[in-house]
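input-v1.txt, holding compact mmCIF, C-alpha atoms and all ligand atoms:
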```
# COMPACT_ATOMS: atom_id res chain seq x y z
CA MET T 32 -12.08 69.65 -62.67
CA SER T 33 -12.33 66.45 -60.67
CA VAL T 34 -10.08 63.58 -61.84
CA SER T 35 -9.54 59.86 -61.29
CA ILE T 36 -6.51 58.74 -59.25
CA SER T 37 -4.44 55.68 -59.92
CA ALA T 38 -1.43 54.28 -58.13
CA GLU T 39 0.62 51.67 -59.93
CA ASP T 40 2.98 49.51 -57.96
CA ILE T 41 3.96 52.32 -55.60
CA VAL T 42 6.59 51.87 -52.90
CA LYS T 43 7.19 53.96 -49.77
CA LYS T 44 10.26 53.73 -47.60
CA TYR T 45 11.22 55.69 -44.52
CA GLY T 46 15.01 55.22 -44.49
CA ASP T 47 15.61 51.47 -44.68
CA ILE T 48 12.09 50.58 -43.61
CA THR T 49 9.54 49.82 -46.31
CA VAL T 50 6.06 50.76 -45.09
CA ILE T 51 4.28 50.28 -48.42
CA PRO T 52 5.83 47.40 -50.38
CA HIS T 53 3.95 47.39 -53.71
CA LEU T 54 0.55 48.94 -53.85
CA SER T 55 -1.84 49.52 -56.73
CA ILE T 56 -5.20 51.20 -56.60
CA GLN T 57 -7.74 52.76 -58.97
CA ILE T 58 -10.01 55.52 -57.70
CA LYS T 59 -12.77 56.60 -60.06
CA ASN T 60 -13.57 60.18 -60.95
CA GLY T 61 -16.18 61.52 -58.51
CA GLU T 62 -15.90 58.57 -56.17
CA PHE T 63 -15.88 58.70 -52.36
CA PHE T 64 -13.04 56.31 -51.61
CA THR T 65 -11.96 55.40 -48.08
CA LEU T 66 -8.67 54.01 -46.81
CA LEU T 67 -9.52 51.98 -43.74
CA GLY T 68 -7.22 50.02 -41.47
CA PRO T 69 -5.72 49.74 -38.00
CA SER T 70 -3.30 52.33 -36.64
CA GLY T 71 0.06 52.25 -38.39
CA CYS T 72 -1.10 50.37 -41.52
CA GLY T 73 0.00 53.20 -43.82
CA LYS T 74 -3.24 55.09 -44.57
CA THR T 75 -1.81 58.53 -43.86
CA THR T 76 1.42 57.64 -45.65
CA LEU T 77 -0.54 56.74 -48.80
CA LEU T 78 -2.71 59.87 -48.56
CA ARG T 79 0.40 62.04 -48.19
CA MET T 80 1.92 60.39 -51.28
CA ILE T 81 -1.20 61.34 -53.23
CA ALA T 82 -1.03 64.86 -51.77
CA GLY T 83 2.65 65.29 -52.59
CA PHE T 84 3.91 65.63 -48.99
CA ASN T 85 5.71 62.28 -49.17
CA SER T 86 8.26 61.14 -51.71
CA ILE T 87 7.54 58.03 -53.78
CA GLU T 88 10.26 55.38 -53.89
CA GLY T 89 8.84 53.32 -56.75
CA GLY T 90 5.92 53.11 -59.16
CA CYS T 91 3.76 56.04 -60.16
CA ILE T 92 0.66 57.97 -59.21
CA ARG T 93 -1.57 59.54 -61.85
CA PHE T 94 -4.28 62.16 -61.69
CA GLY T 95 -6.31 61.28 -64.77
CA GLU T 96 -3.66 60.43 -67.38
CA GLN T 97 -0.98 62.65 -65.89
CA ILE T 98 1.87 61.19 -63.82
CA ILE T 99 2.24 63.46 -60.80
CA ASN T 100 5.24 61.90 -58.97
CA GLU T 101 7.44 64.93 -59.54
CA ILE T 102 4.76 67.62 -59.24
CA PRO T 103 5.05 69.50 -55.92
CA ALA T 104 2.07 69.47 -53.54
CA HIS T 105 1.04 73.09 -54.16
CA LYS T 106 0.77 72.45 -57.90
CA ARG T 107 -1.39 69.31 -57.65
CA ASN T 108 -4.61 71.29 -57.13
CA ILE T 109 -5.76 69.34 -54.10
CA GLY T 110 -8.08 70.31 -51.26
CA MET T 111 -7.21 68.91 -47.84
CA VAL T 112 -9.06 68.54 -44.56
CA PHE T 113 -7.27 67.27 -41.46
CA GLN T 114 -8.19 66.16 -37.98
CA SER T 115 -7.08 69.55 -36.63
CA TYR T 116 -9.22 72.14 -38.35
CA ALA T 117 -6.28 74.22 -39.57
CA ILE T 118 -8.35 77.34 -40.05
CA PHE T 119 -6.98 80.80 -39.31
CA PRO T 120 -8.14 82.00 -35.87
CA HIS T 121 -7.81 85.70 -36.68
CA LEU T 122 -9.97 85.54 -39.83
CA THR T 123 -13.77 85.31 -39.97
CA VAL T 124 -15.48 82.32 -41.55
CA ARG T 125 -15.90 84.20 -44.84
CA GLN T 126 -12.30 85.41 -44.84
CA ASN T 127 -11.08 81.87 -44.15
CA VAL T 128 -13.03 80.53 -47.11
CA GLU T 129 -11.87 83.42 -49.34
CA TYR T 130 -8.23 82.84 -48.51
CA GLY T 131 -7.39 80.30 -51.22
CA LEU T 132 -9.23 82.33 -53.86
CA LYS T 133 -7.26 85.45 -52.92
CA LEU T 134 -4.01 83.55 -53.39
CA ARG T 135 -5.26 82.49 -56.81
CA LYS T 136 -6.04 86.13 -57.63
CA PHE T 137 -9.76 85.86 -58.32
CA ASN T 138 -11.50 89.21 -58.71
CA LYS T 139 -13.88 90.46 -56.00
CA GLN T 140 -17.11 89.59 -57.78
CA GLU T 141 -16.01 86.03 -58.68
CA MET T 142 -14.74 85.53 -55.16
CA LYS T 143 -18.01 86.63 -53.63
CA GLU T 144 -20.07 84.34 -55.85
CA LYS T 145 -17.89 81.31 -55.16
CA VAL T 146 -17.78 81.89 -51.41
CA ASP T 147 -21.56 82.49 -51.21
CA GLN T 148 -22.18 79.25 -53.05
CA ILE T 149 -19.87 77.17 -50.85
CA LEU T 150 -21.06 78.70 -47.56
CA LYS T 151 -24.53 77.62 -48.60
CA ILE T 152 -23.48 74.07 -49.58
CA VAL T 153 -21.71 73.44 -46.26
CA LYS T 154 -24.48 75.25 -44.35
CA ILE T 155 -22.43 77.90 -42.54
CA GLU T 156 -23.89 81.02 -44.18
CA GLU T 157 -25.29 82.31 -40.92
CA TYR T 158 -21.88 82.21 -39.23
CA GLN T 159 -19.95 83.89 -42.02
CA ASP T 160 -18.91 86.93 -39.97
CA ARG T 161 -17.87 85.00 -36.87
CA LEU T 162 -14.36 84.25 -35.75
CA PRO T 163 -13.54 80.51 -35.40
CA GLU T 164 -13.28 80.74 -31.60
CA ARG T 165 -17.04 81.30 -31.51
CA LEU T 166 -17.82 78.15 -33.51
CA SER T 167 -18.38 74.57 -32.36
CA GLY T 168 -16.02 71.80 -33.48
CA GLY T 169 -18.49 70.66 -36.13
CA GLN T 170 -18.91 74.19 -37.47
CA GLN T 171 -15.13 74.67 -37.59
CA GLN T 172 -14.82 71.46 -39.56
CA ARG T 173 -17.47 72.75 -41.99
CA VAL T 174 -15.32 75.86 -42.50
CA ALA T 175 -12.27 73.67 -43.15
CA LEU T 176 -14.30 71.69 -45.69
CA ALA T 177 -15.56 74.88 -47.36
CA ARG T 178 -12.03 76.20 -47.59
CA ALA T 179 -10.82 72.97 -49.17
CA ILE T 180 -13.50 72.81 -51.87
CA VAL T 181 -13.95 76.48 -52.78
CA ILE T 182 -10.84 76.35 -54.96
CA HIS T 183 -12.44 73.60 -57.09
CA PRO T 184 -9.64 71.12 -56.45
CA SER T 185 -9.05 68.09 -58.68
CA VAL T 186 -9.23 65.81 -55.65
CA LEU T 187 -10.28 66.22 -52.03
CA LEU T 188 -8.14 64.46 -49.42
CA MET T 189 -9.38 64.02 -45.86
CA ASP T 190 -7.37 62.55 -42.99
CA GLU T 191 -9.51 61.51 -39.99
CA PRO T 192 -11.48 64.78 -40.20
CA LEU T 193 -13.98 63.75 -37.54
CA SER T 194 -11.63 62.37 -34.87
CA ASN T 195 -11.89 65.42 -32.63
CA LEU T 196 -15.68 65.43 -32.52
CA ASP T 197 -17.94 63.64 -30.06
CA ALA T 198 -19.84 60.53 -31.17
CA LYS T 199 -23.14 62.23 -32.03
CA LEU T 200 -21.52 65.04 -33.97
CA ARG T 201 -19.37 62.57 -35.88
CA VAL T 202 -22.49 60.87 -37.19
CA GLU T 203 -24.08 64.19 -38.13
CA MET T 204 -20.89 65.47 -39.78
CA ARG T 205 -20.24 62.33 -41.77
CA GLY T 206 -23.68 62.80 -43.32
CA ALA T 207 -22.84 66.42 -44.04
CA ILE T 208 -19.50 65.54 -45.66
CA ARG T 209 -21.14 62.88 -47.78
CA ASP T 210 -23.88 65.29 -48.95
CA VAL T 211 -21.39 68.02 -49.81
CA GLN T 212 -19.16 65.56 -51.67
CA LYS T 213 -22.09 64.31 -53.75
CA GLU T 214 -23.29 67.81 -54.50
CA VAL T 215 -19.87 68.99 -55.62
CA GLY T 216 -19.06 65.63 -57.26
CA ILE T 217 -15.39 65.64 -56.41
CA THR T 218 -13.08 62.60 -56.20
CA THR T 219 -12.46 62.14 -52.48
CA VAL T 220 -9.95 60.03 -50.60
CA TYR T 221 -10.89 59.69 -46.96
CA VAL T 222 -8.73 58.16 -44.22
CA THR T 223 -10.26 56.61 -41.12
CA HIS T 224 -9.69 53.76 -38.70
CA ASP T 225 -13.39 53.77 -37.79
CA GLN T 226 -15.09 50.94 -39.65
CA GLU T 227 -18.63 52.13 -39.02
CA GLU T 228 -17.75 55.55 -40.42
CA ALA T 229 -16.17 53.95 -43.48
CA LEU T 230 -19.24 51.78 -44.13
CA ALA T 231 -21.58 54.75 -43.77
CA ILE T 232 -19.76 57.28 -45.92
CA SER T 233 -17.98 55.49 -48.77
CA ASP T 234 -18.72 54.45 -52.32
CA ARG T 235 -15.83 52.00 -51.99
CA ILE T 236 -13.39 51.09 -49.26
CA ALA T 237 -9.81 49.81 -49.39
CA VAL T 238 -9.03 47.80 -46.27
CA MET T 239 -5.32 48.02 -45.45
CA LYS T 240 -3.00 46.07 -43.20
CA GLU T 241 0.74 46.63 -42.88
CA GLY T 242 1.02 48.63 -46.10
CA VAL T 243 -0.93 46.07 -48.13
CA ILE T 244 -4.47 46.39 -49.48
CA GLU T 245 -6.43 43.36 -48.30
CA GLN T 246 -9.65 44.13 -50.17
CA VAL T 247 -11.30 46.85 -52.23
CA GLY T 248 -15.06 46.93 -52.57
CA THR T 249 -18.37 48.57 -51.75
CA PRO T 250 -19.26 48.71 -48.05
CA HIS T 251 -21.87 46.00 -48.71
CA LYS T 252 -19.40 43.68 -50.43
CA ILE T 253 -16.72 44.14 -47.77
CA TYR T 254 -19.17 43.39 -44.98
CA THR T 255 -20.98 40.46 -46.59
CA ARG T 256 -18.11 38.89 -48.55
CA PRO T 257 -14.82 39.70 -46.79
CA ALA T 258 -11.77 38.54 -48.75
CA ASN T 259 -10.04 37.01 -45.72
CA VAL T 260 -10.36 36.55 -41.97
CA PHE T 261 -8.56 39.84 -41.26
CA VAL T 262 -11.27 41.79 -43.12
CA ALA T 263 -14.05 39.64 -41.63
CA THR T 264 -12.93 40.46 -38.10
CA PHE T 265 -11.75 44.05 -38.62
CA ILE T 266 -15.07 45.14 -40.15
CA GLY T 267 -17.77 44.27 -37.64
CA HIS T 268 -17.70 41.09 -35.59
CA SER T 269 -17.39 37.61 -37.11
CA ASN T 270 -17.63 34.35 -35.20
CA LEU T 271 -14.87 32.05 -36.36
CA PHE T 272 -15.18 28.26 -36.30
CA LYS T 273 -12.88 25.51 -37.41
CA GLY T 274 -14.63 23.20 -39.84
CA VAL T 275 -14.25 20.75 -42.68
CA LEU T 276 -15.41 21.07 -46.26
CA THR T 277 -16.36 17.82 -47.98
CA THR T 278 -17.42 17.22 -51.52
CA THR T 279 -19.43 14.14 -52.40
CA ASP T 280 -21.78 13.17 -55.21
CA GLU T 281 -24.53 14.84 -53.24
CA GLY T 282 -22.78 18.21 -53.11
CA THR T 283 -20.43 20.29 -50.97
CA PHE T 284 -20.96 20.40 -47.23
CA VAL T 285 -19.34 22.30 -44.41
CA THR T 286 -19.25 20.55 -41.05
CA PHE T 287 -18.81 22.30 -37.69
CA LYS T 288 -16.86 20.78 -34.77
CA ASN T 289 -19.99 19.26 -33.22
CA GLY T 290 -20.93 17.55 -36.48
CA TYR T 291 -23.56 20.07 -37.59
CA LYS T 292 -23.51 20.08 -41.39
CA ILE T 293 -24.67 22.63 -43.96
CA GLN T 294 -24.86 22.22 -47.72
CA MET T 295 -23.12 25.05 -49.55
CA SER T 296 -23.73 26.13 -53.13
CA ASN T 297 -21.73 29.30 -53.66
CA LEU T 298 -18.13 28.14 -53.26
CA ILE T 299 -15.31 28.36 -55.77
CA GLU T 300 -14.38 25.10 -57.44
CA HIS T 301 -11.96 23.04 -55.42
CA THR T 302 -10.53 19.69 -56.32
CA ARG T 303 -9.77 18.06 -52.97
CA ASP T 304 -12.68 16.15 -51.47
CA LYS T 305 -11.84 17.07 -47.88
CA VAL T 306 -10.42 20.45 -46.79
CA ASN T 307 -9.95 22.10 -43.40
CA VAL T 308 -11.52 25.53 -43.36
CA THR T 309 -12.39 28.50 -41.17
CA ILE T 310 -16.06 29.40 -41.08
CA ALA T 311 -17.18 32.96 -40.28
CA VAL T 312 -20.70 33.87 -39.18
CA ARG T 313 -21.93 37.35 -38.24
CA PRO T 314 -23.71 37.59 -34.86
CA GLU T 315 -26.94 38.69 -36.53
CA GLU T 316 -26.93 35.73 -38.90
CA PHE T 317 -27.86 33.13 -36.32
CA ALA T 318 -31.43 32.05 -35.74
CA ILE T 319 -32.61 30.14 -32.70
CA ALA T 320 -33.61 26.62 -33.75
CA LYS T 321 -34.17 23.08 -32.55
CA GLN T 322 -31.08 21.63 -34.21
CA GLY T 323 -27.73 23.20 -34.96
CA ILE T 324 -25.00 24.55 -32.71
CA THR T 325 -25.87 24.14 -29.05
CA ALA T 326 -23.94 26.32 -26.62
CA THR T 327 -24.15 27.70 -23.09
CA ILE T 328 -24.73 31.41 -22.49
CA LYS T 329 -21.76 32.90 -20.64
CA ASN T 330 -22.73 36.53 -20.85
CA LYS T 331 -25.59 38.67 -22.03
CA THR T 332 -25.52 42.32 -23.13
CA PHE T 333 -28.59 44.40 -23.90
CA LEU T 334 -27.90 46.70 -26.85
CA GLY T 335 -31.32 48.18 -27.55
CA LYS T 336 -32.42 46.57 -30.80
CA TYR T 337 -30.33 43.50 -30.12
CA VAL T 338 -29.30 41.37 -27.19
CA ASN T 339 -25.81 39.96 -27.63
CA TYR T 340 -25.21 36.53 -26.17
CA GLU T 341 -21.67 35.33 -25.62
CA LEU T 342 -21.69 31.58 -25.82
CA ASP T 343 -19.30 28.77 -25.15
CA PHE T 344 -19.22 26.34 -28.07
CA ALA T 345 -16.71 23.48 -28.36
CA GLU T 346 -13.98 25.63 -26.77
CA GLU T 347 -14.76 28.46 -29.18
CA MET T 348 -16.48 31.60 -27.95
CA LEU T 349 -19.26 32.82 -30.13
CA VAL T 350 -21.42 35.92 -30.12
CA SER T 351 -24.97 35.84 -31.30
CA GLY T 352 -27.08 38.96 -31.72
CA GLN T 353 -30.76 38.24 -31.27
CA PRO T 354 -33.50 40.84 -31.64
CA SER T 355 -34.46 41.94 -28.16
CA ILE T 356 -38.03 41.28 -27.06
CA GLU T 357 -38.94 44.94 -26.67
CA TYR T 358 -37.94 45.51 -30.25
CA SER T 359 -38.88 42.21 -31.83
CA GLN T 360 -42.46 42.27 -30.61
CA ASP T 361 -42.97 45.04 -33.15
CA ILE T 362 -41.51 43.04 -36.00
CA GLY T 363 -42.89 39.75 -34.84
CA HIS T 364 -40.09 37.30 -34.06
CA ALA T 365 -37.92 35.99 -31.17
CA GLU T 366 -40.27 34.86 -28.45
CA LYS T 367 -38.15 35.13 -25.35
CA THR T 368 -34.87 36.28 -23.92
CA TYR T 369 -32.46 33.79 -22.41
CA GLU T 370 -30.44 33.93 -19.24
CA VAL T 371 -26.79 33.28 -18.43
CA GLY T 372 -26.24 29.55 -17.87
CA GLU T 373 -29.02 28.48 -20.25
CA LYS T 374 -28.24 26.42 -23.33
CA ILE T 375 -29.47 27.62 -26.71
CA THR T 376 -29.29 26.11 -30.17
CA LEU T 377 -28.50 28.26 -33.16
CA ILE T 378 -28.37 27.78 -36.90
CA PRO T 379 -26.37 30.09 -39.15
CA ASN T 380 -28.03 31.56 -42.25
CA LYS T 381 -26.32 29.48 -44.97
CA ASP T 382 -26.39 32.27 -47.56
CA LYS T 383 -24.53 34.61 -45.22
CA ILE T 384 -21.78 32.25 -44.07
CA ASN T 385 -18.24 32.92 -45.27
CA ILE T 386 -15.74 30.13 -45.70
CA PHE T 387 -12.00 30.72 -45.74
CA THR T 388 -8.92 28.58 -46.15
CA ASP T 389 -7.77 26.97 -42.89
CA GLU T 390 -5.27 29.81 -42.22
CA GLY T 391 -7.93 32.39 -43.06
CA THR T 392 -5.88 34.05 -45.78
CA GLU T 393 -8.33 33.56 -48.61
CA SER T 394 -12.07 33.38 -49.07
CA LEU T 395 -13.51 30.32 -50.82
CA MET T 396 -16.75 32.10 -51.71
CA LYS T 397 -17.52 32.42 -55.40
CA ASP T 398 -18.71 36.04 -55.44
CA VAL T 399 -15.99 37.59 -53.26
CA ARG T 400 -13.79 38.88 -56.06
CA THR T 401 -16.51 40.33 -58.24
CA TYR T 402 -15.99 44.08 -57.99
CA GLU T 403 -18.97 46.32 -57.52
N1 LIG B 501 8.11 60.19 -41.02
C1 LIG B 501 8.19 58.90 -40.70
N2 LIG B 501 9.38 58.29 -40.48
C2 LIG B 501 9.47 56.99 -40.19
N3 LIG B 501 8.42 56.15 -40.10
C3 LIG B 501 7.20 56.68 -40.30
C4 LIG B 501 7.02 58.07 -40.59
N4 LIG B 501 5.69 58.30 -40.72
C5 LIG B 501 5.08 57.10 -40.51
N5 LIG B 501 5.97 56.13 -40.25
C6 LIG B 501 5.67 54.71 -40.02
O1 LIG B 501 4.99 54.21 -41.15
C7 LIG B 501 3.95 53.33 -40.80
C8 LIG B 501 2.62 53.83 -41.35
O2 LIG B 501 2.25 55.04 -40.71
P1 LIG B 501 0.95 55.86 -41.07
O3 LIG B 501 0.96 57.12 -40.27
O4 LIG B 501 0.84 55.99 -42.53
O5 LIG B 501 -0.19 54.90 -40.53
P2 LIG B 501 -1.73 55.14 -40.37
O6 LIG B 501 -2.39 53.94 -40.92
O7 LIG B 501 -2.12 56.45 -40.96
O8 LIG B 501 -1.90 55.16 -38.80
P3 LIG B 501 -2.79 56.09 -37.84
O9 LIG B 501 -4.21 55.64 -38.02
O10 LIG B 501 -2.23 55.77 -36.48
O11 LIG B 501 -2.56 57.50 -38.27
C9 LIG B 501 3.97 53.25 -39.28
O12 LIG B 501 4.67 52.10 -38.91
C10 LIG B 501 4.72 54.50 -38.87
O13 LIG B 501 5.39 54.30 -37.66
```
Turn the structure described in the file into structure tokens.
Ligand SMILES: Nc1ncnc2c1ncn2[C@@H]1O[C@H](COP(=O)(O)OP(=O)(O)OP(=O)(O)O)[C@@H](O)[C@H]1O
Amino acid sequence: MSVSISAEDIVKKYGDITVIPHLSIQIKNGEFFTLLGPSGCGKTTLLRMIAGFNSIEGGCIRFGEQIINEIPAHKRNIGMVFQSYAIFPHLTVRQNVEYGLKLRKFNKQEMKEKVDQILKIVKIEEYQDRLPERLSGGQQQRVALARAIVIHPSVLLMDEPLSNLDAKLRVEMRGAIRDVQKEVGITTVYVTHDQEEALAISDRIAVMKEGVIEQVGTPHKIYTRPANVFVATFIGHSNLFKGVLTTTDEGTFVTFKNGYKIQMSNLIEHTRDKVNVTIAVRPEEFAIAKQGITATIKNKTFLGKYVNYELDFAEEMLVSGQPSIEYSQDIGHAEKTYEVGEKITLIPNKDKINIFTDEGTESLMKDVRTYE
């Protein structure tokens, strides 16, 4: 039966080096939970602690109510899928999937029923008698997934399972993994450094940096209300500006370097009447306007739906994504494209702006900490 996972104040050391200082996390039963972060931030280390392949130097991990720190990996009832498919080359697809059931001494009839069901769920029925060498990378990864879930594990752990696949197959397979996970309803912890993959596949994401969780939230929350500048720039692109926040009787305003001022309504209470801040705006949240931030186009990249303009603004580079003409004619906005050297004026969508402390370590937006 699928269980929740919680880590309370866990510590991981390799010799004298602490790679996870003090980390706590709650993963709900049945949830698709992703650990996302740059290379070396400790994602695999944390996953291996949950799996039981790494010792724990402090704190505790629970499956449901049970503390599992001292339970060896093979007794934790986990299913695992890795980057390398780790399927047996000399066994057929069916025999590979049967393997774990044989070890658990299921009788023939039970084994057949379970394997039939899983082959169907992961859509590899038609290849069941093939050897792995005659399967594509995506099909092999489906076998690995089938083998992991056929034993009805309490949790499913996946470490960069799509890294060896080409871009198109990755997209197809992430949909397949997501569908299978929902159908089986098993608590899943998924490791990736690919932010797009994390956004597409997860119920919630934990963004990690240097062994520390920077933010936990739904993909939507993490993208629209990043907790700090690290998250704002690691997940998608954010334009960063230095600005000043002022509070007067008329309200709270944020002012850009060139004096352009926007009234803000969704900030946390702050007492000082003048604060230096960092402002973050997504490329797609600029509209072309008469007044606002005027900047010169330095570079232009056609991306299909969007044209990205790199602009020079008060010694800060900014990227604006504008719907391209070919696309926008259908949806009815953006009248023209602009050329390198031209000046354009942009206004940010005030509801989509994020404001951080001057150093960028903390968001000043009111709704950032509300967990979804
Ligand atoms: N067995 C080990 N002994 C010593 N240090 C280790 C060991 N395994 C990992 N580390 C270190 O711990 C840190 C976290 O590594 P980890 O593999 O968990 O990162 P990651 O986020 O999974 O990175 P990647 O995406 O590159 O796999 C890194 O600095 C790494 O060098």
When you count only C-alpha atoms, which of these residues is closest to T:Glu390: T:Val112, T:Gly95, T:Gly71, T:Val260?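 Among the listed residues, T:Val260 lies closest to T:Glu390.
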Could you give me, as a list in words, every polymer residue with an atom at most 6 Å away from an atom of ligand LIG 501 (chain B), counting all atoms listed in the file?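 So the residues close to ligand LIG 501 (chain B) are Tyr45, Val50, Ser70, Gly71, Cys72, Gly73, Lys74, Thr75, Thr76 and His224 of chain T.
Of the residues under consideration (T:Arg165, T:His268, T:Lys374, T:Lys305), T:Lys305 shows the shortest atom-to-atom contact distance to T:Val285 when counting all atoms listed in the file.
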Can you tell me how far atom CA of T:Asp40 sits from atom CA of T:Gly242, in Å to one decimal?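 So the two atoms, atom CA of T:Asp40 and atom CA of T:Gly242, lie 12.1 Å apart.
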Quick one: of T:Glu245, T:Asp304, T:Glu316, T:Glu164, who's nearest to T:Arg400, counting only C-alpha atoms? T:Glu245
Can you measure atom CA of T:Ser55 to atom CA of T:Ile87 for me? One decimal in Å is fine.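 Here the two named atoms are 13.0 Å from each other.
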Can you tell me, as a PDB file with C-alpha atoms, keeping the file's coordinate frame, what residues are no more than 10 Å from T:Asn380 when counting all atoms listed in the file, ignoring any on the same chain fewer than 4 positions away?
```pdb
ATOM      1  CA  ILE T 293     -24.670  22.630 -43.960  1.00  0.00           C
ATOM      2  CA  VAL T 312     -20.700  33.870 -39.180  1.00  0.00           C
ATOM      3  CA  ARG T 313     -21.930  37.350 -38.240  1.00  0.00           C
ATOM      4  CA  GLU T 315     -26.940  38.690 -36.530  1.00  0.00           C
ATOM      5  CA  GLU T 316     -26.930  35.730 -38.900  1.00  0.00           C
ATOM      6  CA  PHE T 317     -27.860  33.130 -36.320  1.00  0.00           C
ATOM      7  CA  ALA T 318     -31.430  32.050 -35.740  1.00  0.00           C
ATOM      8  CA  ILE T 384     -21.780  32.250 -44.070  1.00  0.00           C
TER       9      ILE T 384
END
```
Please list, as a list in words, the residues that have an atom at most 9 Å away from (-20.4, 70.9, -37.3) in the coordinates of this file, counting all atoms listed in the file.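 With a cut-off of 9 Å, the residues come to Ile155, Leu166, Ser167, Gly168, Gly169, Gln170, Gln171, Gln172, Arg173, Val174, Leu196, Leu200, Arg201, Glu203, Met204 and Ala207 of chain T.
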Near-T:Asn108 list (8 Å; all atoms listed in the file; drop same-chain fewer than 6 positions) as JSON, numbers by chain: {"T": [184, 185, 186]}
Extract, using all atoms listed in the file, all DNA, RNA and protein residues at most 12 Å from T:Gln246, discarding same-chain residues fewer than 3 positions from it, and format them as a ChimeraX atom specification. /T:54-56,65-68,235-240,243,249-250,252-254,256-263,265-266,392-394,399-402
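Of the residues under consideration (T:Lys139, T:Lys213, T:Lys44, T:Lys292), T:Lys213 shows the shortest atom-to-atom contact distance to T:Phe63 when counting only C-alpha atoms.
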In Å, with one decimal, what is the gap from atom CA of T:Pro52 to atom CA of T:Glu241? 9.1 Å
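By chain and then residue number, the residues within 9 Å of T:Phe287 are T:Phe272, T:Lys273, T:Gly274, T:Val275, T:Val285, T:Asn289, T:Gly290, T:Tyr291, T:Lys292, T:Ile293, T:Ile310, T:Ile324, counting all atoms listed in the file and disregarding those fewer than 2 positions away in sequence.
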Env of T:Gly282: 9 Å cut, atoms = all atoms listed in the file, seq-sep filter 5 positions within chain, self excluded. Answer as JSON, numbers by chain. {"T": [277, 294, 295, 296]}
With distances taken over only C-alpha atoms, which of T:Ala38, T:Ala175, T:Met111, T:Ile102 is nearest to T:Gln126?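 Smallest separation from T:Gln126 among the options: T:Ala175.
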With distances taken over all atoms listed in the file, which residue among T:Val247, T:Arg178, T:Gly391, T:Ile232 lies nearest T:Ala117? T:Arg178
Missing atoms in stretch 40-53 of chain T: can you complete it with N, CA and C atoms, as a CSV table (one decimal), keeping the file's coordinate frame?
```csv
chain,number,residue,atom,x,y,z
T,40,ASP,N,1.8,50.1,-58.5
T,40,ASP,CA,3.0,49.5,-58.0
T,40,ASP,C,3.8,50.5,-57.1
T,41,ILE,N,3.2,51.3,-56.3
T,41,ILE,CA,4.0,52.3,-55.6
T,41,ILE,C,4.6,51.7,-54.3
T,42,VAL,N,5.8,52.3,-54.0
T,42,VAL,CA,6.6,51.9,-52.9
T,42,VAL,C,6.9,53.1,-52.0
T,43,LYS,N,6.8,52.9,-50.7
T,43,LYS,CA,7.2,54.0,-49.8
T,43,LYS,C,8.2,53.4,-48.7
T,44,LYS,N,9.3,54.1,-48.6
T,44,LYS,CA,10.3,53.7,-47.6
T,44,LYS,C,10.5,54.9,-46.7
T,45,TYR,N,10.7,54.7,-45.4
T,45,TYR,CA,11.2,55.7,-44.5
T,45,TYR,C,12.6,55.2,-44.1
T,46,GLY,N,13.7,55.7,-44.7
T,46,GLY,CA,15.0,55.2,-44.5
T,46,GLY,C,15.1,53.8,-45.1
T,47,ASP,N,15.5,52.9,-44.2
T,47,ASP,CA,15.6,51.5,-44.7
T,47,ASP,C,14.3,50.7,-44.6
T,48,ILE,N,13.3,51.3,-43.9
T,48,ILE,CA,12.1,50.6,-43.6
T,48,ILE,C,11.0,50.8,-44.7
T,49,THR,N,10.6,49.7,-45.3
T,49,THR,CA,9.5,49.8,-46.3
T,49,THR,C,8.2,49.8,-45.6
T,50,VAL,N,7.4,50.8,-45.7
T,50,VAL,CA,6.1,50.8,-45.1
T,50,VAL,C,5.0,50.4,-46.1
T,51,ILE,N,5.2,50.7,-47.4
T,51,ILE,CA,4.3,50.3,-48.4
T,51,ILE,C,5.1,49.5,-49.5
T,52,PRO,N,5.0,48.2,-49.5
T,52,PRO,CA,5.8,47.4,-50.4
T,52,PRO,C,5.5,47.6,-51.9
T,53,HIS,N,4.3,47.2,-52.3
T,53,HIS,CA,4.0,47.4,-53.7
T,53,HIS,C,2.5,47.5,-53.7
```
